[in-house]
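The next block is my_file30.cif, given as mmCIF, C-alpha atoms and all ligand atoms.
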data_input
loop_
_atom_site.group_PDB
_atom_site.id
_atom_site.type_symbol
_atom_site.label_atom_id
_atom_site.label_comp_id
_atom_site.auth_asym_id
_atom_site.auth_seq_id
_atom_site.Cartn_x
_atom_site.Cartn_y
_atom_site.Cartn_z
ATOM 1 C CA MET A 4 87.013 101.197 164.047
ATOM 2 C CA HIS A 5 83.713 101.596 165.931
ATOM 3 C CA ASP A 6 85.250 103.068 169.096
ATOM 4 C CA PRO A 7 84.001 106.548 170.027
ATOM 5 C CA VAL A 8 86.307 109.338 168.876
ATOM 6 C CA GLU A 9 86.234 111.031 172.275
ATOM 7 C CA GLN A 10 88.064 109.731 175.326
ATOM 8 C CA HIS A 11 86.346 106.659 176.744
ATOM 9 C CA TRP A 12 86.781 103.424 178.684
ATOM 10 C CA HIS A 13 86.829 100.230 176.600
ATOM 11 C CA LEU A 14 85.326 97.282 178.482
ATOM 12 C CA GLY A 15 87.037 94.064 177.415
ATOM 13 C CA PRO A 16 85.233 90.730 177.599
ATOM 14 C CA ILE A 17 84.206 89.743 181.119
ATOM 15 C CA GLY A 18 83.617 86.160 182.143
ATOM 16 C CA VAL A 19 82.381 84.202 185.119
ATOM 17 C CA LEU A 20 83.101 80.474 185.496
ATOM 18 C CA PRO A 21 80.094 78.531 184.195
ATOM 19 C CA THR A 22 79.661 76.872 187.593
ATOM 20 C CA HIS A 23 79.372 80.318 189.214
ATOM 21 C CA GLN A 24 77.152 82.099 186.668
ATOM 22 C CA GLY A 25 73.737 83.345 187.702
ATOM 23 C CA LYS A 26 74.885 84.206 191.239
ATOM 24 C CA GLY A 27 75.304 87.947 190.792
ATOM 25 C CA ILE A 28 79.077 87.992 190.203
ATOM 26 C CA GLY A 29 78.847 89.453 186.684
ATOM 27 C CA SER A 30 76.463 92.156 187.899
ATOM 28 C CA ARG A 31 78.842 93.044 190.715
ATOM 29 C CA LEU A 32 81.723 93.345 188.221
ATOM 30 C CA MET A 33 79.626 95.631 186.042
ATOM 31 C CA GLU A 34 78.539 97.778 189.010
ATOM 32 C CA CYS A 35 82.209 98.302 189.971
ATOM 33 C CA PHE A 36 83.122 99.181 186.376
ATOM 34 C CA CYS A 37 80.222 101.630 186.022
ATOM 35 C CA LYS A 38 81.113 103.294 189.318
ATOM 36 C CA GLU A 39 84.653 103.946 188.050
ATOM 37 C CA VAL A 40 83.590 105.358 184.676
ATOM 38 C CA ASP A 41 80.911 107.531 186.276
ATOM 39 C CA ALA A 42 83.520 108.942 188.681
ATOM 40 C CA CYS A 43 85.518 109.980 185.573
ATOM 41 C CA ARG A 44 82.376 111.220 183.797
ATOM 42 C CA SER A 45 83.496 109.180 180.789
ATOM 43 C CA LYS A 46 81.719 107.214 178.126
ATOM 44 C CA ALA A 47 82.211 103.451 178.069
ATOM 45 C CA TYR A 48 82.312 101.236 174.998
ATOM 46 C CA LEU A 49 82.224 97.487 174.310
ATOM 47 C CA GLU A 50 81.797 94.969 171.525
ATOM 48 C CA THR A 51 79.796 91.758 171.798
ATOM 49 C CA ASP A 52 78.369 89.143 169.452
ATOM 50 C CA LEU A 53 75.674 87.460 171.542
ATOM 51 C CA GLU A 54 72.122 88.748 171.918
ATOM 52 C CA LYS A 55 71.912 87.496 175.518
ATOM 53 C CA ASN A 56 75.009 89.533 176.354
ATOM 54 C CA VAL A 57 73.421 92.624 174.779
ATOM 55 C CA ARG A 58 70.533 92.209 177.228
ATOM 56 C CA PHE A 59 73.003 91.768 180.103
ATOM 57 C CA TYR A 60 74.904 94.975 179.249
ATOM 58 C CA GLU A 61 71.675 96.932 178.655
ATOM 59 C CA LYS A 62 70.846 96.415 182.345
ATOM 60 C CA PHE A 63 73.843 98.625 183.129
ATOM 61 C CA GLY A 64 72.996 101.435 180.705
ATOM 62 C CA PHE A 65 74.809 100.341 177.543
ATOM 63 C CA LYS A 66 72.986 100.871 174.250
ATOM 64 C CA VAL A 67 73.643 99.304 170.844
ATOM 65 C CA VAL A 68 74.835 102.079 168.511
ATOM 66 C CA SER A 69 75.817 99.987 165.487
ATOM 67 C CA GLU A 70 76.252 96.448 164.183
ATOM 68 C CA SER A 71 78.382 94.725 161.578
ATOM 69 C CA GLU A 72 78.762 91.254 160.111
ATOM 70 C CA ILE A 73 82.221 89.713 160.435
ATOM 71 C CA PHE A 74 82.634 86.240 158.907
ATOM 72 C CA GLY A 75 78.890 85.659 159.294
ATOM 73 C CA VAL A 76 78.805 86.742 162.948
ATOM 74 C CA THR A 77 76.815 89.822 163.965
ATOM 75 C CA ASN A 78 78.913 92.083 166.165
ATOM 76 C CA ARG A 79 77.156 94.723 168.269
ATOM 77 C CA TYR A 80 78.848 97.942 169.360
ATOM 78 C CA MET A 81 77.533 99.413 172.597
ATOM 79 C CA ILE A 82 78.061 102.748 174.328
ATOM 80 C CA ARG A 83 77.169 103.901 177.825
ATOM 81 C CA ASP A 84 76.981 107.603 178.679
ATOM 82 C CA PRO A 85 78.209 108.619 182.124
ATOM 83 C CA GLN A 86 75.514 108.681 184.800
ATOM 84 C CA GLN A 87 75.304 110.660 188.016
HETATM 85 C C1 LIG A 101 77.657 87.311 180.931
HETATM 86 C C2 LIG A 101 78.227 86.884 182.298
HETATM 87 C C3 LIG A 101 79.536 87.622 182.555
HETATM 88 C C4 LIG A 101 77.217 87.264 183.390
HETATM 89 O O1 LIG A 101 77.770 86.926 184.662
HETATM 90 P P1 LIG A 101 76.852 86.262 185.793
HETATM 91 O O2 LIG A 101 77.648 86.232 187.064
HETATM 92 O O3 LIG A 101 76.306 84.975 185.314
HETATM 93 O O4 LIG A 101 75.681 87.349 185.884
HETATM 94 P P2 LIG A 101 74.635 87.589 187.053
HETATM 95 O O5 LIG A 101 74.543 86.373 187.944
HETATM 96 O O6 LIG A 101 74.991 88.865 187.713
HETATM 97 O O7 LIG A 101 73.282 87.720 186.258
HETATM 98 C C5 LIG A 101 72.951 88.943 185.656
HETATM 99 C C6 LIG A 101 71.929 88.701 184.603
HETATM 100 O O8 LIG A 101 72.533 87.994 183.513
HETATM 101 C C7 LIG A 101 71.732 86.873 183.178
HETATM 102 N N1 LIG A 101 72.589 85.780 182.782
HETATM 103 C C8 LIG A 101 72.849 84.643 183.457
HETATM 104 N N2 LIG A 101 73.657 83.856 182.766
HETATM 105 C C9 LIG A 101 73.907 84.508 181.613
HETATM 106 C C10 LIG A 101 74.685 84.191 180.469
HETATM 107 N N3 LIG A 101 75.328 83.009 180.351
HETATM 108 N N4 LIG A 101 74.784 85.104 179.485
HETATM 109 C C11 LIG A 101 74.124 86.272 179.567
HETATM 110 N N5 LIG A 101 73.351 86.626 180.632
HETATM 111 C C12 LIG A 101 73.263 85.739 181.644
HETATM 112 C C13 LIG A 101 70.984 86.512 184.403
HETATM 113 O O9 LIG A 101 69.752 85.920 184.021
HETATM 114 C C14 LIG A 101 70.753 87.836 185.079
HETATM 115 O O10 LIG A 101 69.565 88.418 184.604
HETATM 116 P P3 LIG A 101 68.494 89.027 185.655
HETATM 117 O O11 LIG A 101 69.205 90.199 186.304
HETATM 118 O O12 LIG A 101 67.359 89.420 184.794
HETATM 119 O O13 LIG A 101 68.212 87.928 186.619
HETATM 120 C C15 LIG A 101 78.460 85.363 182.385
HETATM 121 O O14 LIG A 101 77.256 84.705 182.111
HETATM 122 C C16 LIG A 101 79.554 84.832 181.465
HETATM 123 O O15 LIG A 101 80.712 84.740 181.874
HETATM 124 N N6 LIG A 101 79.186 84.422 180.252
HETATM 125 C C17 LIG A 101 80.139 83.784 179.328
HETATM 126 C C18 LIG A 101 81.225 84.737 178.850
HETATM 127 C C19 LIG A 101 80.645 85.894 178.062
HETATM 128 O O16 LIG A 101 79.865 85.694 177.144
HETATM 129 N N7 LIG A 101 81.088 87.119 178.448
HETATM 130 C C20 LIG A 101 80.684 88.338 177.766
HETATM 131 C C21 LIG A 101 81.614 88.622 176.605
HETATM 132 S S1 LIG A 101 81.095 90.062 175.675
#
Structure encoded using structure tokens:
Amino acid sequence: MHDPVEQHWHLGPIGVLPTHQGKGIGSRLMECFCKEVDACRSKAYLETDLEKNVRFYEKFGFKVVSESEIFGVTNRYMIRDPQQ
């Protein structure tokens, strides 16, 4: 419902084992993803419900474009424009 109308990549949830978080693995995953979408000159889109994840995705160029409450949980919708 919040997905961009134009062609885009939809980033599903990513996860790193709790014992391995904070070691740069998530950032590496995001760098690989961003490299692929930039090569296609496409927008990317994702949905997340945690503020700390919003900050994580913002590091890679995603921006919150809208929010909605679903069963008392705030969902954030984020878009990233292609970068050179
Ligand atoms: C979010 C997540 C994928 C990040 O992976 P990671 O390997 O821990 O990330 P990195 O080691 O590359 O750290 C990148 C940044 O995220 C921050 N970070 C660390 N743990 C984090 C966490 N649990 N949630 C959000 N951000 C986190 C780090 O502080 C770091 O910030 P810095 O660059 O300012 O130092 C990982 O924490 C995770 O799997 N979380 C649980 C699942 C989840 O919520 N996935 C997102 C669904 S939308």
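Neighbouring residues of Ser71 in chain A at 10 Å or closer, counting all atoms listed in the file and skipping chain neighbours under 4 positions away, are A:His5, A:Asp52, A:Gly75, A:Val76, A:Thr77, A:Asn78, A:Arg79, A:Tyr80.
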(request) May I ask for the distance between atom C21 of ligand LIG 101 (chain A) and CA of Asn56 in chain A, given in Å to one decimal place? (result)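 The value is 6.7 Å.
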(message) Under the PyMOL selection byres (((not hetatm)) within 7 of (chain A and resi 101)), which residues of this model are included? Write them out as a ChimeraX atom specification.
(response) /A:16-21,23-31,50-52,55-56,59
(request) Point out the residue among A:Phe63, A:Arg83, A:Ser45, A:Pro7 with the least atom-to-atom distance to Met33 in chain A, counting only C-alpha atoms. (result)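 Smallest distance to Met33 in chain A is found for A:Phe63.
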(request) Go ahead and find all residues with at least one atom no further than 10 Å from (81.2, 103.7, 178.7) in the file's coordinates, using only C-alpha atoms; report them as a list in words. (result)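 Residues lying no farther than 10 Å from the given point: Pro7, Gln10, His11, Trp12, His13, Leu14, Phe36, Cys37, Glu39, Val40, Asp41, Arg44, Ser45, Lys46, Ala47, Tyr48, Leu49, Phe63, Gly64, Phe65, Lys66, Met81, Ile82, Arg83, Asp84, Pro85 and Gln86 of chain A.
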(request) Work out how far apart CA of Ala42 in chain A and CA of Arg58 in chain A are and give it in Å to one decimal. (result)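 Interatomic distance here is 24.1 Å.
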(message) Between CA of Val8 in chain A and CA of Phe74 in chain A, what distance in Å does the model show, to one decimal?
(response)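 These atoms are spaced 25.4 Å apart.
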Centre, x/y/z edge lengths, axis-aligned box for range 52-71 of chain A with 4 Å per side, as JSON:
{"center_x": 74.5, "center_y": 94.8, "center_z": 172.4, "size_x": 15.8, "size_y": 22.6, "size_z": 29.6}
